[in-house]
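Containing mmCIF, C-alpha atoms: run-v4.cif.
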data_target
loop_
_atom_site.group_PDB
_atom_site.id
_atom_site.type_symbol
_atom_site.label_atom_id
_atom_site.label_comp_id
_atom_site.auth_asym_id
_atom_site.auth_seq_id
_atom_site.Cartn_x
_atom_site.Cartn_y
_atom_site.Cartn_z
ATOM 1 C CA MET B 1 179.395 -110.880 99.195
ATOM 2 C CA LYS B 2 177.135 -112.781 96.829
ATOM 3 C CA ARG B 3 176.647 -116.535 97.131
ATOM 4 C CA GLU B 4 178.727 -117.619 94.146
ATOM 5 C CA ASP B 5 181.516 -115.243 95.145
ATOM 6 C CA VAL B 6 181.517 -116.688 98.673
ATOM 7 C CA LYS B 7 181.916 -120.185 97.212
ATOM 8 C CA GLU B 8 184.798 -119.077 94.977
ATOM 9 C CA PHE B 9 186.470 -117.311 97.907
ATOM 10 C CA LEU B 10 186.233 -120.426 100.093
ATOM 11 C CA THR B 11 187.647 -122.536 97.278
ATOM 12 C CA LEU B 12 190.656 -120.211 97.092
ATOM 13 C CA LEU B 13 191.169 -120.739 100.830
ATOM 14 C CA GLY B 14 191.264 -124.496 100.302
ATOM 15 C CA CYS B 15 187.920 -125.240 101.979
ATOM 16 C CA ARG B 16 186.070 -128.462 101.219
ATOM 17 C CA GLN B 17 182.452 -129.638 101.591
ATOM 18 C CA ILE B 18 181.206 -126.247 100.397
ATOM 19 C CA ARG B 19 177.392 -126.245 100.534
ATOM 20 C CA ASP B 20 174.439 -123.858 100.518
ATOM 21 C CA SER B 21 172.589 -123.517 103.815
ATOM 22 C CA GLY B 22 169.942 -120.823 103.652
ATOM 23 C CA ASP B 23 171.586 -117.447 104.201
ATOM 24 C CA TRP B 24 174.934 -119.167 104.759
ATOM 25 C CA VAL B 25 177.502 -121.065 102.779
ATOM 26 C CA THR B 26 178.949 -123.800 104.988
ATOM 27 C CA ALA B 27 182.300 -125.494 104.505
ATOM 28 C CA SER B 28 185.138 -127.222 106.307
ATOM 29 C CA CYS B 29 186.914 -124.715 108.533
ATOM 30 C CA PRO B 30 190.170 -123.537 106.902
ATOM 31 C CA LEU B 31 191.633 -122.942 110.370
ATOM 32 C CA ALA B 32 190.887 -126.458 111.654
ATOM 33 C CA ARG B 33 194.472 -127.657 111.365
ATOM 34 C CA TRP B 34 195.527 -125.112 113.989
ATOM 35 C CA THR B 35 192.394 -124.372 116.026
ATOM 36 C CA HIS B 36 190.386 -127.621 116.213
ATOM 37 C CA ARG B 37 191.318 -130.203 118.811
ATOM 38 C CA SER B 38 191.009 -132.967 116.188
ATOM 39 C CA ARG B 39 193.024 -130.911 113.634
ATOM 40 C CA THR B 40 190.310 -131.727 111.084
ATOM 41 C CA ASP B 41 186.742 -130.644 110.315
ATOM 42 C CA ARG B 42 184.821 -133.656 109.016
ATOM 43 C CA HIS B 43 181.437 -132.308 110.176
ATOM 44 C CA PRO B 44 181.622 -128.592 109.315
ATOM 45 C CA SER B 45 180.276 -126.003 111.719
ATOM 46 C CA PHE B 46 181.969 -123.197 109.811
ATOM 47 C CA GLY B 47 180.054 -120.819 107.586
ATOM 48 C CA VAL B 48 180.041 -117.498 105.764
ATOM 49 C CA THR B 49 176.978 -115.298 105.464
ATOM 50 C CA VAL B 50 175.583 -114.427 102.051
ATOM 51 C CA ASN B 51 175.055 -110.665 101.867
ATOM 52 C CA ASN B 52 174.086 -109.175 98.528
ATOM 53 C CA HIS B 53 174.135 -105.646 99.947
ATOM 54 C CA GLY B 54 177.080 -105.576 102.326
ATOM 55 C CA GLN B 55 180.006 -107.330 103.930
ATOM 56 C CA SER B 56 179.879 -111.034 104.697
ATOM 57 C CA ILE B 57 181.129 -112.480 107.974
ATOM 58 C CA PHE B 58 182.431 -115.897 108.981
ATOM 59 C CA LYS B 59 181.841 -117.949 112.101
ATOM 60 C CA CYS B 60 183.165 -121.304 113.290
ATOM 61 C CA PHE B 61 181.404 -122.905 116.254
ATOM 62 C CA THR B 62 184.036 -125.606 116.709
ATOM 63 C CA CYS B 63 187.166 -123.488 117.051
ATOM 64 C CA HIS B 64 185.150 -120.728 118.778
ATOM 65 C CA GLN B 65 186.370 -118.042 116.424
ATOM 66 C CA ASN B 66 184.416 -114.840 117.012
ATOM 67 C CA ALA B 67 182.254 -113.802 114.080
ATOM 68 C CA SER B 68 184.394 -111.499 111.995
ATOM 69 C CA THR B 69 185.048 -110.176 108.509
ATOM 70 C CA LEU B 70 186.509 -112.244 105.694
ATOM 71 C CA ASP B 71 189.554 -110.004 105.648
ATOM 72 C CA ALA B 72 190.305 -111.158 109.203
ATOM 73 C CA LEU B 73 189.893 -114.766 108.045
ATOM 74 C CA VAL B 74 192.518 -114.294 105.322
ATOM 75 C CA PHE B 75 194.866 -112.745 107.862
ATOM 76 C CA SER B 76 194.377 -115.540 110.423
ATOM 77 C CA LEU B 77 194.925 -118.261 107.851
ATOM 78 C CA SER B 78 198.012 -116.526 106.447
ATOM 79 C CA THR B 79 199.450 -116.135 109.943
ATOM 80 C CA TYR B 80 198.812 -119.731 110.984
ATOM 81 C CA SER B 81 200.070 -121.255 107.734
ATOM 82 C CA LYS B 82 202.880 -118.718 107.195
ATOM 83 C CA VAL B 83 201.752 -118.496 103.555
ATOM 84 C CA TYR B 84 200.115 -115.307 102.313
ATOM 85 C CA ARG B 85 196.800 -116.128 100.604
ATOM 86 C CA LYS B 86 197.227 -113.542 97.867
ATOM 87 C CA GLN B 87 194.661 -114.952 95.431
ATOM 88 C CA ALA B 88 191.977 -115.060 98.111
ATOM 89 C CA SER B 89 192.890 -111.564 99.319
ATOM 90 C CA ASP B 90 192.805 -110.124 95.794
ATOM 91 C CA PHE B 91 189.483 -111.845 95.101
ATOM 92 C CA LEU B 92 188.027 -110.448 98.327
ATOM 93 C CA ASN B 93 189.198 -106.904 97.569
ATOM 94 C CA THR B 94 187.560 -107.126 94.150
ATOM 95 C CA ASN B 95 184.272 -108.825 95.038
ATOM 96 C CA GLU B 96 183.369 -107.877 98.610
ATOM 97 C CA ILE B 97 180.388 -105.521 98.895
ATOM 98 C CA TYR B 98 180.548 -102.627 101.324
ATOM 99 C CA GLU B 99 177.419 -101.043 102.660
ATOM 100 C CA GLU B 100 176.956 -97.393 101.895
ATOM 101 C CA ALA B 101 177.292 -96.503 105.561
ATOM 102 C CA SER B 102 180.610 -98.322 105.871
ATOM 103 C CA LYS B 103 182.252 -96.957 102.765
ATOM 104 C CA ILE B 104 185.308 -94.932 103.660
ATOM 105 C CA GLU B 105 184.866 -91.351 102.551
ATOM 106 C CA ILE B 106 186.602 -88.148 103.563
ATOM 107 C CA ILE B 107 184.660 -87.079 106.648
ATOM 108 C CA ASP B 108 184.010 -83.412 107.365
ATOM 109 C CA ARG B 109 184.748 -83.122 111.098
ATOM 110 C CA TRP B 110 185.662 -79.468 111.076
ATOM 111 C CA GLY B 111 182.570 -77.538 109.954
ATOM 112 C CA GLU B 112 183.371 -73.968 108.938
ATOM 113 C CA ASP B 113 186.900 -74.283 110.341
ATOM 114 C CA ARG B 114 187.729 -77.156 108.016
ATOM 115 C CA PRO B 115 191.113 -76.673 106.268
ATOM 116 C CA SER B 116 191.141 -76.410 102.505
ATOM 117 C CA LYS B 117 190.560 -79.832 100.980
ATOM 118 C CA LYS B 118 193.236 -81.121 98.620
ATOM 119 C CA GLN B 119 192.810 -83.755 95.981
ATOM 120 C CA ILE B 120 194.457 -87.017 97.011
ATOM 121 C CA ALA B 121 196.679 -88.303 94.232
ATOM 122 C CA THR B 122 196.508 -92.091 93.852
ATOM 123 C CA ARG B 123 197.916 -94.532 91.316
ATOM 124 C CA ASP B 124 196.841 -97.895 90.050
ATOM 125 C CA MET B 125 198.165 -100.911 91.962
ATOM 126 C CA THR B 126 200.299 -101.827 88.957
ATOM 127 C CA VAL B 127 202.933 -99.330 90.167
ATOM 128 C CA LEU B 128 203.902 -102.047 92.666
ATOM 129 C CA ASP B 129 204.515 -104.674 89.984
ATOM 130 C CA PRO B 130 208.307 -104.061 89.793
ATOM 131 C CA TYR B 131 208.606 -104.923 93.480
ATOM 132 C CA PRO B 132 208.041 -108.584 94.501
ATOM 133 C CA LEU B 133 206.439 -109.574 97.804
ATOM 134 C CA LEU B 134 208.890 -110.874 100.378
ATOM 135 C CA SER B 135 207.741 -114.470 99.889
ATOM 136 C CA ASP B 136 208.878 -114.288 96.258
ATOM 137 C CA PRO B 137 212.006 -116.424 95.631
ATOM 138 C CA ARG B 138 213.661 -113.442 93.925
ATOM 139 C CA VAL B 139 213.897 -111.662 97.273
ATOM 140 C CA PRO B 140 217.239 -112.336 99.035
ATOM 141 C CA GLN B 141 217.102 -114.477 102.157
ATOM 142 C CA ALA B 142 218.796 -111.667 104.089
ATOM 143 C CA ALA B 143 215.691 -109.515 103.649
ATOM 144 C CA ARG B 144 213.397 -112.234 104.960
ATOM 145 C CA ASP B 145 215.747 -112.919 107.848
ATOM 146 C CA PHE B 146 215.654 -109.218 108.737
ATOM 147 C CA ILE B 147 211.845 -109.285 109.003
ATOM 148 C CA VAL B 148 211.960 -112.329 111.288
ATOM 149 C CA LYS B 149 214.718 -110.755 113.371
ATOM 150 C CA ARG B 150 212.469 -107.716 113.873
ATOM 151 C CA GLY B 151 209.847 -110.006 115.399
ATOM 152 C CA SER B 152 207.385 -110.409 112.556
ATOM 153 C CA SER B 153 206.863 -113.002 109.815
ATOM 154 C CA ILE B 154 206.803 -113.178 106.043
ATOM 155 C CA ALA B 155 203.076 -113.978 106.102
ATOM 156 C CA VAL B 156 202.332 -110.771 108.027
ATOM 157 C CA SER B 157 204.606 -108.731 105.729
ATOM 158 C CA ASP B 158 202.944 -110.120 102.614
ATOM 159 C CA TYR B 159 199.515 -109.426 104.095
ATOM 160 C CA PHE B 160 200.390 -105.738 104.355
ATOM 161 C CA GLY B 161 201.990 -105.723 100.904
ATOM 162 C CA VAL B 162 205.607 -105.172 101.988
ATOM 163 C CA ARG B 163 207.818 -105.587 98.925
ATOM 164 C CA TRP B 164 211.450 -105.567 97.865
ATOM 165 C CA ASP B 165 213.393 -103.151 95.671
ATOM 166 C CA ARG B 166 216.221 -105.222 94.198
ATOM 167 C CA GLU B 167 217.952 -102.234 92.631
ATOM 168 C CA ASP B 168 218.245 -100.199 95.836
ATOM 169 C CA ASN B 169 218.388 -103.162 98.234
ATOM 170 C CA ALA B 170 215.464 -101.735 100.186
ATOM 171 C CA PHE B 171 212.076 -102.646 101.619
ATOM 172 C CA ILE B 172 209.046 -101.073 99.946
ATOM 173 C CA PHE B 173 206.101 -100.091 102.154
ATOM 174 C CA PRO B 174 203.021 -99.159 100.108
ATOM 175 C CA SER B 175 200.288 -96.867 101.388
ATOM 176 C CA ILE B 176 197.058 -98.224 99.899
ATOM 177 C CA TYR B 177 194.007 -95.982 99.962
ATOM 178 C CA ARG B 178 190.709 -97.360 98.632
ATOM 179 C CA ASN B 179 192.440 -100.040 96.540
ATOM 180 C CA ARG B 180 194.872 -97.578 94.978
ATOM 181 C CA VAL B 181 198.422 -96.604 95.900
ATOM 182 C CA SER B 182 198.677 -93.172 97.524
ATOM 183 C CA SER B 183 202.383 -93.327 98.381
ATOM 184 C CA ILE B 184 205.416 -95.608 98.620
ATOM 185 C CA LYS B 185 208.127 -95.522 101.265
ATOM 186 C CA ALA B 186 211.496 -97.243 100.782
ATOM 187 C CA ARG B 187 213.876 -98.233 103.590
ATOM 188 C CA ARG B 188 217.321 -99.732 103.165
ATOM 189 C CA ILE B 189 218.049 -102.996 104.905
ATOM 190 C CA SER B 190 221.577 -101.898 105.803
ATOM 191 C CA SER B 191 220.644 -98.631 107.525
ATOM 192 C CA LYS B 192 217.731 -96.490 108.675
ATOM 193 C CA GLU B 193 217.901 -94.433 105.485
ATOM 194 C CA PHE B 194 214.486 -94.018 103.883
ATOM 195 C CA TRP B 195 212.886 -92.074 101.036
ATOM 196 C CA PHE B 196 209.610 -91.867 99.119
ATOM 197 C CA PRO B 197 209.854 -93.147 95.521
ATOM 198 C CA LEU B 198 206.206 -92.123 95.213
ATOM 199 C CA GLY B 199 205.156 -89.118 97.262
ATOM 200 C CA GLY B 200 201.701 -88.389 98.624
ATOM 201 C CA LEU B 201 199.426 -89.415 101.491
ATOM 202 C CA TYR B 202 201.291 -92.042 103.546
ATOM 203 C CA LEU B 203 199.228 -94.223 105.888
ATOM 204 C CA PHE B 204 200.754 -97.700 105.966
ATOM 205 C CA GLY B 205 198.203 -100.353 106.937
ATOM 206 C CA TRP B 206 195.153 -98.138 106.325
ATOM 207 C CA HIS B 207 193.579 -100.646 103.916
ATOM 208 C CA ARG B 208 193.642 -103.386 106.580
ATOM 209 C CA LEU B 209 191.847 -101.455 109.332
ATOM 210 C CA SER B 210 188.438 -102.227 110.834
ATOM 211 C CA TRP B 211 186.788 -98.909 111.600
ATOM 212 C CA ASP B 212 184.397 -100.325 114.195
ATOM 213 C CA LYS B 213 187.368 -101.212 116.439
ATOM 214 C CA PRO B 214 189.976 -99.040 118.193
ATOM 215 C CA VAL B 215 192.778 -98.039 115.816
ATOM 216 C CA TRP B 216 196.319 -98.164 117.186
ATOM 217 C CA ILE B 217 198.578 -95.427 115.796
ATOM 218 C CA VAL B 218 202.345 -95.980 115.682
ATOM 219 C CA GLU B 219 205.298 -94.270 114.041
ATOM 220 C CA GLY B 220 207.229 -97.100 112.408
ATOM 221 C CA GLU B 221 206.469 -99.832 109.909
ATOM 222 C CA PHE B 222 208.239 -102.464 111.991
ATOM 223 C CA ASP B 223 206.173 -101.411 115.013
ATOM 224 C CA LEU B 224 203.051 -102.280 113.008
ATOM 225 C CA LEU B 225 204.451 -105.599 111.779
ATOM 226 C CA ARG B 226 205.582 -106.646 115.266
ATOM 227 C CA LEU B 227 202.250 -105.784 116.900
ATOM 228 C CA ASN B 228 200.377 -107.705 114.207
ATOM 229 C CA ALA B 229 202.610 -110.723 114.748
ATOM 230 C CA LEU B 230 201.634 -110.567 118.447
ATOM 231 C CA GLY B 231 197.915 -110.449 117.631
ATOM 232 C CA GLU B 232 197.199 -106.705 117.751
ATOM 233 C CA TYR B 233 195.813 -106.402 114.228
ATOM 234 C CA ASN B 234 194.158 -102.969 113.977
ATOM 235 C CA VAL B 235 197.305 -100.825 113.681
ATOM 236 C CA LEU B 236 198.099 -97.811 111.499
ATOM 237 C CA CYS B 237 201.614 -96.533 110.795
ATOM 238 C CA LEU B 238 202.171 -92.831 110.077
ATOM 239 C CA GLY B 239 205.797 -93.300 109.038
ATOM 240 C CA GLY B 240 207.018 -90.799 111.619
ATOM 241 C CA SER B 241 205.938 -88.440 114.402
ATOM 242 C CA SER B 242 204.479 -85.692 112.216
ATOM 243 C CA ILE B 243 200.773 -85.069 112.912
ATOM 244 C CA SER B 244 198.606 -83.257 110.374
ATOM 245 C CA LYS B 245 195.332 -81.573 111.247
ATOM 246 C CA ASN B 246 193.814 -83.382 108.248
ATOM 247 C CA LEU B 247 194.584 -86.807 109.731
ATOM 248 C CA ALA B 248 191.141 -87.121 111.317
ATOM 249 C CA ASP B 249 189.560 -86.918 107.856
ATOM 250 C CA PHE B 250 191.012 -90.327 107.038
ATOM 251 C CA LEU B 251 190.141 -92.085 110.301
ATOM 252 C CA PRO B 252 186.367 -92.699 110.482
ATOM 253 C CA CYS B 253 186.672 -94.556 113.783
ATOM 254 C CA HIS B 254 185.467 -93.780 117.295
ATOM 255 C CA THR B 255 188.523 -94.743 119.357
ATOM 256 C CA VAL B 256 192.269 -94.447 118.782
ATOM 257 C CA VAL B 257 195.162 -95.837 120.812
ATOM 258 C CA LEU B 258 198.276 -93.669 120.667
ATOM 259 C CA GLY B 259 201.432 -95.739 120.491
ATOM 260 C CA PHE B 260 204.013 -93.120 119.550
ATOM 261 C CA ASP B 261 207.651 -93.804 120.427
ATOM 262 C CA ASN B 262 208.828 -93.491 124.000
ATOM 263 C CA ASP B 263 211.150 -90.578 123.254
ATOM 264 C CA PRO B 264 210.833 -86.758 123.169
ATOM 265 C CA ALA B 265 209.595 -86.662 119.548
ATOM 266 C CA GLY B 266 206.998 -89.343 120.250
ATOM 267 C CA ARG B 267 205.773 -87.634 123.407
ATOM 268 C CA ASN B 268 205.461 -84.338 121.530
ATOM 269 C CA ALA B 269 203.479 -86.111 118.789
ATOM 270 C CA ALA B 270 201.077 -87.489 121.403
ATOM 271 C CA VAL B 271 200.573 -84.021 122.884
ATOM 272 C CA ARG B 272 199.875 -82.541 119.436
ATOM 273 C CA PHE B 273 197.423 -85.344 118.639
ATOM 274 C CA ARG B 274 195.543 -84.797 121.897
ATOM 275 C CA ASN B 275 195.398 -81.041 121.350
ATOM 276 C CA LEU B 276 194.076 -81.427 117.809
ATOM 277 C CA PHE B 277 191.623 -84.273 118.246
ATOM 278 C CA ALA B 278 190.423 -84.293 121.866
ATOM 279 C CA ASP B 279 186.889 -83.520 120.645
ATOM 280 C CA VAL B 280 187.044 -85.924 117.683
ATOM 281 C CA PHE B 281 188.110 -89.293 119.098
ATOM 282 C CA CYS B 282 188.008 -91.219 122.319
ATOM 283 C CA ILE B 283 191.783 -91.277 122.905
ATOM 284 C CA ASN B 284 193.675 -93.959 124.776
ATOM 285 C CA GLU B 285 197.429 -93.830 125.219
ATOM 286 C CA ILE B 286 200.045 -96.545 125.584
ATOM 287 C CA ASP B 287 202.847 -96.271 128.130
ATOM 288 C CA TRP B 288 205.617 -98.404 126.620
ATOM 289 C CA ARG B 289 207.283 -98.409 130.037
ATOM 290 C CA ASP B 290 210.706 -100.054 129.645
ATOM 291 C CA VAL B 291 210.791 -100.258 125.833
ATOM 292 C CA LYS B 292 210.958 -97.644 123.075
ATOM 293 C CA ASP B 293 208.076 -98.616 120.800
ATOM 294 C CA GLY B 294 205.789 -101.358 119.519
ATOM 295 C CA GLY B 295 208.619 -102.980 117.604
ATOM 296 C CA SER B 296 210.462 -103.638 120.889
ATOM 297 C CA VAL B 297 207.677 -105.565 122.636
ATOM 298 C CA ARG B 298 209.159 -108.867 123.792
ATOM 299 C CA ASP B 299 206.181 -111.222 123.549
ATOM 300 C CA ARG B 300 202.405 -111.429 123.934
ATOM 301 C CA ALA B 301 202.580 -111.500 127.733
ATOM 302 C CA HIS B 302 204.676 -108.327 127.646
ATOM 303 C CA LEU B 303 202.119 -106.694 125.327
ATOM 304 C CA ASN B 304 199.277 -107.636 127.681
ATOM 305 C CA GLU B 305 201.198 -106.093 130.572
ATOM 306 C CA ILE B 306 201.677 -102.874 128.592
ATOM 307 C CA LYS B 307 197.980 -102.795 127.646
ATOM 308 C CA PHE B 308 197.083 -103.153 131.328
ATOM 309 C CA PHE B 309 198.610 -99.716 131.930
ATOM 310 C CA MET B 310 196.840 -98.102 128.964
ATOM 311 C CA LYS B 311 195.161 -94.862 129.986
ATOM 312 C CA THR B 312 192.272 -92.844 128.616
ATOM 313 C CA VAL B 313 193.053 -89.157 128.065
#

Translate the structure of the given file into structure tokens.
Amino acid sequence: MKREDVKEFLTLLGCRQIRDSGDWVTASCPLARWTHRSRTDRHPSFGVTVNNHGQSIFKCFTCHQNASTLDALVFSLSTYSKVYRKQASDFLNTNEIYEEASKIEIIDRWGEDRPSKKQIATRDMTVLDPYPLLSDPRVPQAARDFIVKRGSSIAVSDYFGVRWDREDNAFIFPSIYRNRVSSIKARRISSKEFWFPLGGLYLFGWHRLSWDKPVWIVEGEFDLLRLNALGEYNVLCLGGSSISKNLADFLPCHTVVLGFDNDPAGRNAAVRFRNLFADVFCINEIDWRDVKDGGSVRDRAHLNEIKFFMKTV
């Protein structure tokens, strides 16, 4: 991100003492209230790199945050403050620069055996305008309470763009592919009934993934939201147990972690995934042990215990 854009981004995050420092822009750490022992940052050791040809990263030497992308910074701040930083997120999506090598393209992994390639239908983000984010006061409190009851938070839901359909009394889960909407899934709050108001490629959470890290794959939207609330951020939801041979084309990562449901359909999905992609990915698999899925994990300690029994296949 360019220097002036970095400054504007930090302003949207509420940073102060924003200054130029060579290849960096330094500022007060926006996470200080939660991660600094003093709860303040009077002598900033936080900065963001200026990168005119690629992604910028942030680093804070006081709160010992690992160097990471600005998208991760927005997520951390939203989670700590329980307020989704929509303006900062929108600004980042518009102004961040992605290196040519890191741009997400359809990857040909199949050679001559590649299945016929279909055009992916996408729509402008304005198709989501009729549906408010869950933090919007127009959304009934019962919907927000449901999210919390399922072990997540409104900040996490807003970060992934979960919305509310007032007419059908349903959650809206958008699948966002390269800053456009590829599909929309609706799910009623009163039952497990779901449908697709906008059909097409459905990969919920795809736009929030870091491709240089292992990608967790789960079936349900609430599995993704729960795992994110517990600190497992790089999660993709397929919306079910169906596995397409084309799935690998949309996952330019090295390692995947299979977290399909602990039931016959989920186990069959894991077998199909392994059979299809054993030569494509390094595959790890979660044993949920005494729970059904990621949405049922009790707490962070429970998640760490489950991860301890993760196996490579």

Next on the checklist: When the PyMOL selection byres ((chain B and resi 311) around 9) is applied to the structure above, which residues does it catch, written out as number ranges by chain?
Outcome noted: B: 283-287, 307-310, 312-313

Under the rule of at most 7 Å, produce a per-residue listing of segment 112-163 of chain B near segment 172-190 of chain B: chain, number, name, the closest pair of atoms, and the distance in Å, as JSON lines, using all atoms listed in the file.
{"residue": "B:Ala121", "atom": "CA", "partner": "B:Ser182", "partner_atom": "CA", "distance": 6.2}
{"residue": "B:Thr122", "atom": "CA", "partner": "B:Ser182", "partner_atom": "CA", "distance": 4.4}
{"residue": "B:Arg123", "atom": "CA", "partner": "B:Val181", "partner_atom": "CA", "distance": 5.1}
{"residue": "B:Asp124", "atom": "CA", "partner": "B:Arg180", "partner_atom": "CA", "distance": 5.3}
{"residue": "B:Met125", "atom": "CA", "partner": "B:Arg180", "partner_atom": "CA", "distance": 5.6}
{"residue": "B:Gly161", "atom": "CA", "partner": "B:Pro174", "partner_atom": "CA", "distance": 6.7}
{"residue": "B:Val162", "atom": "CA", "partner": "B:Phe173", "partner_atom": "CA", "distance": 5.1}
{"residue": "B:Arg163", "atom": "CA", "partner": "B:Ile172", "partner_atom": "CA", "distance": 4.8}

Item to check | Interatomic distance (Å, one decimal) between atom CA of Cys29 of chain B and atom CA of Trp206 of chain B | outcome: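 For atom CA of Cys29 of chain B relative to atom CA of Trp206 of chain B, the distance reads 27.9 Å.
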
Checklist entry - For the point (205.0, -85.4, 117.8) in file coordinates, what residues are within 12 Å, counting all atoms listed in the file? Give the answer as a list in words? => result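 It turns out the residues near that spot are Val218, Glu219, Leu238, Gly239, Gly240, Ser241, Ser242, Ile243, Ser244, Leu258, Gly259, Phe260, Asp261, Asn262, Asp263, Pro264, Ala265, Gly266, Arg267, Asn268, Ala269, Ala270, Val271, Arg272, Phe273, Arg274, Asn275 and Leu276 of chain B.
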
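With distances taken over all atoms listed in the file, B:Ser89 is the one residue among B:Ser56, B:Ser135, B:Ser89, B:Thr62 lying closest to Phe75 of chain B.
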
Checklist entry - Could you name the residues that touch Thr79 of chain B at 10 Å or less, counting all atoms listed in the file, but leaving out those on the same chain fewer than 5 positions away, as a PyMOL selection string? => result chain B and resi 73-74+84-85+153-157+159+228-229+231

Checklist entry - If the PyMOL selection byres ((chain B and resi 20) around 10) is run on the structure shown, which residues does it catch, given as a list of chain:residue names? => result B:Arg3, B:Glu4, B:Lys7, B:Gln17, B:Ile18, B:Arg19, B:Ser21, B:Gly22, B:Asp23, B:Trp24, B:Val25, B:Thr26, B:Ala27, B:Gly47, B:Val48, B:Val50

Checklist entry - Where does the PyMOL selection byres ((chain B and resi 151) around 8) land in this file, that is, which residues does it pick, as a ChimeraX atom specification? => result /B:147-150,152-153,225-226,229,295

Hey, could you patch up segment 207-221 of chain B with N, CA and C atoms and hand it over as an mmCIF file, keeping the file's coordinate frame?
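Dumped everything to result01.cif:
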data_model
loop_
_atom_site.group_PDB
_atom_site.id
_atom_site.type_symbol
_atom_site.label_atom_id
_atom_site.label_comp_id
_atom_site.auth_asym_id
_atom_site.auth_seq_id
_atom_site.Cartn_x
_atom_site.Cartn_y
_atom_site.Cartn_z
ATOM 1 N N HIS B 207 194.531 -99.790 104.634
ATOM 2 C CA HIS B 207 193.579 -100.646 103.916
ATOM 3 C C HIS B 207 193.235 -101.919 104.685
ATOM 4 N N ARG B 208 193.920 -102.193 105.790
ATOM 5 C CA ARG B 208 193.642 -103.386 106.580
ATOM 6 C C ARG B 208 192.904 -103.078 107.885
ATOM 7 N N LEU B 209 192.463 -101.846 108.072
ATOM 8 C CA LEU B 209 191.847 -101.455 109.332
ATOM 9 C C LEU B 209 190.362 -101.780 109.371
ATOM 10 N N SER B 210 189.867 -102.093 110.572
ATOM 11 C CA SER B 210 188.438 -102.227 110.834
ATOM 12 C C SER B 210 188.007 -100.988 111.609
ATOM 13 N N TRP B 211 187.109 -100.212 111.024
ATOM 14 C CA TRP B 211 186.788 -98.909 111.600
ATOM 15 C C TRP B 211 185.850 -99.002 112.793
ATOM 16 N N ASP B 212 185.259 -100.172 113.034
ATOM 17 C CA ASP B 212 184.397 -100.325 114.195
ATOM 18 C C ASP B 212 185.179 -100.735 115.440
ATOM 19 N N LYS B 213 186.506 -100.835 115.318
ATOM 20 C CA LYS B 213 187.368 -101.212 116.439
ATOM 21 C C LYS B 213 188.379 -100.100 116.709
ATOM 22 N N PRO B 214 188.944 -100.049 117.916
ATOM 23 C CA PRO B 214 189.976 -99.040 118.193
ATOM 24 C C PRO B 214 191.158 -99.185 117.239
ATOM 25 N N VAL B 215 191.646 -98.062 116.740
ATOM 26 C CA VAL B 215 192.778 -98.039 115.816
ATOM 27 C C VAL B 215 194.037 -97.621 116.567
ATOM 28 N N TRP B 216 195.024 -98.505 116.605
ATOM 29 C CA TRP B 216 196.319 -98.164 117.186
ATOM 30 C C TRP B 216 197.099 -97.327 116.179
ATOM 31 N N ILE B 217 197.777 -96.290 116.660
ATOM 32 C CA ILE B 217 198.578 -95.427 115.796
ATOM 33 C C ILE B 217 200.029 -95.477 116.258
ATOM 34 N N VAL B 218 200.922 -95.878 115.355
ATOM 35 C CA VAL B 218 202.345 -95.980 115.682
ATOM 36 C C VAL B 218 203.159 -95.220 114.642
ATOM 37 N N GLU B 219 204.425 -95.029 114.947
ATOM 38 C CA GLU B 219 205.298 -94.270 114.041
ATOM 39 C C GLU B 219 205.924 -95.137 112.951
ATOM 40 N N GLY B 220 206.394 -96.327 113.313
ATOM 41 C CA GLY B 220 207.229 -97.100 112.408
ATOM 42 C C GLY B 220 206.556 -98.317 111.808
ATOM 43 N N GLU B 221 207.003 -98.670 110.604
ATOM 44 C CA GLU B 221 206.469 -99.832 109.909
ATOM 45 C C GLU B 221 206.741 -101.125 110.668
#
